[in-house]
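Chemist: First, the structure itself, so that you have it in front of you.
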Amino acid sequence: MDPRPKSFYVLSAFFALFLLFLYGPTITIAILSFQGPGGGLTFPMQGTSLHWFRDLFEQQAVGDIWGSFRRSLALGLMVMVTTVVLSVMGGLAFRKKFKGSGILFYLIITSLVIPSILVSLGVGLIFSQSGLNVHWSTSGFGSQLTWTLPFGLLIMFAVFNRFDKSYEEAARDLGATSWQTLRHVVLPIIGPSLIGVALFGFTLSYDEFARTLLTSGSYNTLPLEIFGMTTNVTTPVLYALGTLTTVFSLLMIGLFLCLALWSTRRKARAGTDAGKGMI
Amino acid sequence: MALPIMAVLMFFLVLPIVMIVTVSFWQATEFSIIPAFDFENYEFLFGSNVTYRVFFNTFKYAFITWVFTLSIGFTVAYFLAFHIRSLTWQIVLFLLCTIPFWTSNIIRMISWIPFLGRNGIANSTLISWGVIDEPLDWLLFSDFAVILAFVHLYTLFMVVPIFNTMMRIDKSLIEAARDAGASGTQILWSVIIPLTKPGIMIGTIFVVTLVMGDFITVRFMSGSQSANVGRLISNDIALLAYPSASATAVVLLLTVLIVIGIMLRFVDIRKEL
């Protein structure tokens with residue numbers, strides 16, 4: 001191997017600084033959330049304690065954060081399942097040209113680039129003008145799908161662009177029905193990418209703010225609750241909450257990544273041994 | 001198969017846009033909005049100096065953020081794609097760059113407070129180094145903070161597509177350039193950058209649309225002192241002035257779509273996936 005050029009070390013330093021820039025602030029509030037009871041929003045630390053985390057469990061201090069957490073979790077799971085199912089269906093459909101495929105593609109791009117507040121405003125207006133009540137599980141759910149579906153579909157496009165169709169042909173030649181082909185051939189092959197789609201579906205929904213702002217009704221989701229806190233809470237309890245939800249997000253990301261790794265390995269193990277047969 | 005997606009997008013994307021366009025011609029009283037067809041909202045919008053200032057501000061944020069996210073994102077992607085030699089390490093470092101994308105934006109904004117505040121880390125460090133005597137006031141709640149937060153939040157939207165296209169560059173092209181006597185800078189300028197253009201365009205589309213449509217970062221990081229179009233809309237919404245919010249929204253949407261339309265002329269997204 002060639003020796004490393006000098007630029008490698010310069011760029012490594014740049015990359016390290018970039019990571020520090022990405023993670024530094026989050027780590028800072030994680031440290032500050034262990035402030036002593038008398039501590040403020042910045043350094044120095046006035047001792048260390050779990051005071052602010054304990055505060056989170058007292059209803060009066062911070063409003064209904066546990067209720068909003070449960071709602072965000074439920075909504076995230078709903079959005080995740082819907083995104084995975086609809087993206088796979090859409091991805092399969094887009095392998096052939098169909099009537100309206102061009103329009104649908106442009107709708108997906110529009111959905112991706114449209115300012116979120118427009119979705120929020122528009123959906124809110126539709127519900128209020130037609131006398132329906134906005135609720136996180138109806139209008140909020142739909143608005144979030146306009147953000148997660150484009151990501152899901154674009155991932156599926158990328159997956160199917162690299163998909164070897166001869167596997168399906170082989171299955172068909174062996175007499176598999178189209179459902180059997182899908183269930184036993186296509187889905188296992190694209191399995192690991194579906195975990196990626198699920199990760200996008202869940203986390204984008206769990207953290208979404210603007211699209212749920214006018215569409216979640218009287219029950220807040222967690223990001224809305226946190227934003228509400230920024231205007232009237234001036235203690236490190238805000239950091240404690242931020243740290244907890246970030247840890248939760250990281251756990252979910254870790255879980256999804258492990259699942260993806262596991263299913264990739266499993267696929268490799270269970271996959272074909274053609275060409276490696278006994279001789 | 002594509003029907004469910006079509007249905008969702010029809011009801012939650014197309015219909016809301018139609019609704020916004022319709023309501024933008026309506027009239028508002030203090031308590032309710034009344035169906036009508038007049039151009040009052042648009043006349044007011046285009047007749048006001050605030051509008052032009054705010055639109056200018058929006059483009060300013062978008063442009064400055066674009067410059068920074070592009071230069072940082074390109075450098076990071078270049079390092080990952082061409083200087084890291086094992087695929088495993090590439091994936092690990094790439095994931096490190098993308099993980100923050102899956103965590104909450106609001107918390108990532110909040111996390112700048114202890115750093116930028118009047119008594120924050122930045123000020124106390126600068127004072128202890130003797131660079132400044134008085135704490136700087138413009139660190140938090142300023143345009144500087146807004147841009148910093150944008151760059152912090154959205155650089156990975158540049159890193160991901162640029163890295164993706166760079167990984168597909170045939171390494172033998174670079175070798176060929178080197179054999180033909182090209183210097184490192186020449187390779188970068190005449191081989192890598194042209195081949196990375198699609199990734200740059202996709203990243204640009206993401207960053208520009210996210211910044212132009214934003215309202216919460218500007219509100220939070222400027223301490224409500226600066227405004228962009230998104231904030232104009234959200235202020236109107238807070239006052240229940242839906243027709244005027246809708247009119248602003250229509251103009252914003254058209255602006256964003258025109259900008260995207262221009263950019264899409266340079267790249268075929270479906271080919272790049």
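Residues in the structure tokens are numbered from 1 in each chain, the chains being A, B, ... in the order shown, and ligands are numbered from 1 in the order shown.
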Could you give me, as number ranges by chain, the residues within 9 Å of Leu15 (chain B), counting only C-alpha atoms and dropping anything in the same chain fewer than 4 positions from it?
Modeler: A: 122-123, 126; B: 9-11, 19-20
Chemist: Once you have the residues from the selection above, write them out as a PDB file, in the first residue's frame, restricted to N, CA and C atoms.
Modeler:
```pdb
ATOM      1  N   GLY A 122     -52.055  23.440   5.311  1.00  0.00           N
ATOM      2  CA  GLY A 122     -53.069  22.925   4.403  1.00  0.00           C
ATOM      3  C   GLY A 122     -53.928  21.849   5.039  1.00  0.00           C
ATOM      4  N   VAL A 123     -53.295  20.883   5.669  1.00  0.00           N
ATOM      5  CA  VAL A 123     -54.057  19.808   6.301  1.00  0.00           C
ATOM      6  C   VAL A 123     -54.918  20.370   7.425  1.00  0.00           C
ATOM      7  N   ILE A 126     -57.944  22.012   5.843  1.00  0.00           N
ATOM      8  CA  ILE A 126     -58.922  21.053   5.340  1.00  0.00           C
ATOM      9  C   ILE A 126     -59.759  20.498   6.482  1.00  0.00           C
TER      10      ILE A 126
ATOM     11  N   LEU B   9     -50.787  10.779  -0.863  1.00  0.00           N
ATOM     12  CA  LEU B   9     -50.265  12.049  -1.374  1.00  0.00           C
ATOM     13  C   LEU B   9     -51.385  12.941  -1.888  1.00  0.00           C
ATOM     14  N   MET B  10     -52.421  12.329  -2.466  1.00  0.00           N
ATOM     15  CA  MET B  10     -53.557  13.127  -2.926  1.00  0.00           C
ATOM     16  C   MET B  10     -54.203  13.849  -1.741  1.00  0.00           C
ATOM     17  N   PHE B  11     -54.465  13.088  -0.689  1.00  0.00           N
ATOM     18  CA  PHE B  11     -55.210  13.679   0.420  1.00  0.00           C
ATOM     19  C   PHE B  11     -54.355  14.585   1.296  1.00  0.00           C
ATOM     20  N   MET B  19     -56.155  23.543  -1.181  1.00  0.00           N
ATOM     21  CA  MET B  19     -56.836  24.277  -0.107  1.00  0.00           C
ATOM     22  C   MET B  19     -56.124  25.607   0.168  1.00  0.00           C
ATOM     23  N   ILE B  20     -54.800  25.555   0.239  1.00  0.00           N
ATOM     24  CA  ILE B  20     -54.047  26.773   0.533  1.00  0.00           C
ATOM     25  C   ILE B  20     -54.243  27.794  -0.581  1.00  0.00           C
TER      26      ILE B  20
END
```
Chemist: So which residues of region 28-234 of chain B fall under helix (DSSP H, G or I) by DSSP, listed as a ChimeraX atom specification?
Modeler: /B:40-47,49-83,87-102,105-110,113-116,121-128,143-167,171-179,184-213,216-221,229-234
Chemist: Can you work out which one of B:Met212, B:Leu264, B:Ala62, B:Val160 has the shortest atom-to-atom distance to chain A, counting only C-alpha atoms?
Modeler: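 Counting only C-alpha atoms, the residue closest to chain A is B:Met212.
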Chemist: Do a neighbour search on Val146 (chain B) at 10 Å with only C-alpha atoms, toss out local chain neighbours closer than 6 positions, and write the hits as number ranges by chain.
Modeler: B: 61, 65, 109, 139-140, 152, 217-223, 226
Chemist: I need the chosen residues saved as a short mmCIF file (atom, residue, chain, number, x, y, z; two decimals), in the first residue's frame, with C-alpha atoms.
Modeler:
```cif
data_model
loop_
_atom_site.label_atom_id
_atom_site.label_comp_id
_atom_site.auth_asym_id
_atom_site.auth_seq_id
_atom_site.Cartn_x
_atom_site.Cartn_y
_atom_site.Cartn_z
CA TYR B 61 -29.82 32.29 4.71
CA THR B 65 -25.86 27.94 4.43
CA MET B 109 -30.79 23.51 18.50
CA LEU B 139 -23.20 34.61 19.47
CA LEU B 140 -26.66 33.43 20.50
CA HIS B 152 -25.08 21.98 12.02
CA THR B 217 -34.67 27.34 13.46
CA VAL B 218 -34.88 31.01 12.58
CA ARG B 219 -37.33 31.68 15.36
CA PHE B 220 -35.42 29.78 18.00
CA MET B 221 -31.84 30.66 17.11
CA SER B 222 -32.50 34.34 16.40
CA GLY B 223 -34.54 34.72 19.57
CA SER B 226 -34.84 37.79 12.49
#
```
Chemist: Could you list, as an NGL selection string, every residue within 8 Å of Ser139 (chain A), counting only C-alpha atoms and ignoring same-chain residues fewer than 2 positions away?
Modeler: :A and (123-124 or 127 or 134-137 or 141-143 or 215-216)
Chemist: Record the distance separating CA of Ala16 (chain A) and CA of Gly203 (chain B), expressed in Å with one decimal.
Modeler: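 The value is 21.7 Å.
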Chemist: Go through B:Trp129, B:Phe25, B:Phe144, B:Phe150 and flag the residue nearest Leu116 (chain B), using only C-alpha atoms for the distances.
Modeler: B:Phe144
Chemist: Please determine, counting only C-alpha atoms, which residue among B:Asp137, B:Lys171, B:Ala7, B:Phe79 has the shortest atom-to-atom distance to Ala13 (chain A).
Modeler: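 The closest residue to Ala13 (chain A) is B:Phe79.
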Chemist: Would you please work out which residue, of B:Met167, B:Ile187, B:Ile258, B:Val21, is nearest to Arg85 (chain B) when using only C-alpha atoms?
Modeler: B:Met167
Chemist: Restricting the calculation to only C-alpha atoms, which member of A:Ile31, A:Leu251, A:Val88, A:Ala158 is positioned closest to Tyr239 (chain A)?
Modeler: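 Closest to Tyr239 (chain A) of all the choices is A:Ile31.
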Chemist: Looking at only C-alpha atoms, which of B:Phe12, B:Trp26, B:Phe163, B:Phe94 is the one that sits closest to chain A?
Modeler: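 For chain A, the nearest of the given residues is B:Phe12.
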Chemist: Quick one: pull the distance between CA of His83 (chain B) and CA of Phe8 (chain A), Å, one decimal.
Modeler: 6.3 Å
Chemist: Between CA of Val159 (chain B) and CA of Phe227 (chain A), what is the distance in Å, rounded to a tenth?
Modeler: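 So the answer is 27.8 Å.
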Chemist: Per residue of region 90-198 of chain B within 12 Å of region 68-77 of chain B, what are the shortest atom pair and its distance in Å to one decimal, counting only C-alpha atoms, with rows by chain and residue number, as CSV?
Modeler:
```
residue,atom,partner,partner_atom,distance
B:Gln90,CA,B:Ala77,CA,10.0
B:Ile91,CA,B:Ala77,CA,11.8
B:Leu93,CA,B:Val76,CA,10.1
B:Phe94,CA,B:Ala77,CA,8.5
B:Leu96,CA,B:Val76,CA,11.7
B:Cys97,CA,B:Val76,CA,9.1
B:Thr98,CA,B:Gly73,CA,11.8
B:Ile147,CA,B:Phe68,CA,9.1
B:Leu148,CA,B:Phe68,CA,9.4
B:Ala149,CA,B:Thr69,CA,11.1
B:Phe150,CA,B:Thr69,CA,8.6
B:Val151,CA,B:Thr69,CA,5.7
B:His152,CA,B:Thr69,CA,8.5
B:Leu153,CA,B:Thr69,CA,9.6
B:Tyr154,CA,B:Thr69,CA,7.1
B:Thr155,CA,B:Thr69,CA,4.7
B:Leu156,CA,B:Gly73,CA,6.7
B:Phe157,CA,B:Gly73,CA,8.1
B:Met158,CA,B:Gly73,CA,5.2
B:Val159,CA,B:Gly73,CA,4.5
B:Val160,CA,B:Ala77,CA,7.6
B:Pro161,CA,B:Ala77,CA,8.9
B:Ile162,CA,B:Ala77,CA,6.2
B:Phe163,CA,B:Ala77,CA,4.7
B:Asn164,CA,B:Ala77,CA,8.5
B:Thr165,CA,B:Ala77,CA,9.6
B:Met166,CA,B:Ala77,CA,7.7
B:Met167,CA,B:Ala77,CA,9.3
B:Leu188,CA,B:Thr75,CA,11.2
B:Ile192,CA,B:Phe74,CA,10.8
B:Ile193,CA,B:Phe74,CA,9.4
B:Thr196,CA,B:Phe74,CA,9.3
B:Lys197,CA,B:Phe74,CA,10.7
```
Chemist: Need to verify the contact set: Ala198 (chain A), 12 Å, only C-alpha atoms, exclusion of same-chain residues closer than 4 positions in sequence. Can you return it as number ranges by chain?
Modeler: A: 76-88, 148-149, 151-153, 155-156, 191-194, 202-206, 252-253, 255-257, 259-260; B: 102
Chemist: May I have the residues within 8 Å of Thr209 (chain B) as an NGL selection string, using only C-alpha atoms and disregarding those fewer than 2 positions away in the same chain?
Modeler: (:A and (113-115)) or (:B and (205-207 or 211-213 or 256))
Chemist: Residues at most 12 Å from Ala2 (chain B), counting only C-alpha atoms, excluding those fewer than 5 positions away in the same chain, as a PyMOL selection string?
Modeler: (chain A and resi 85-105+108+149+153) or (chain B and resi 7-9)
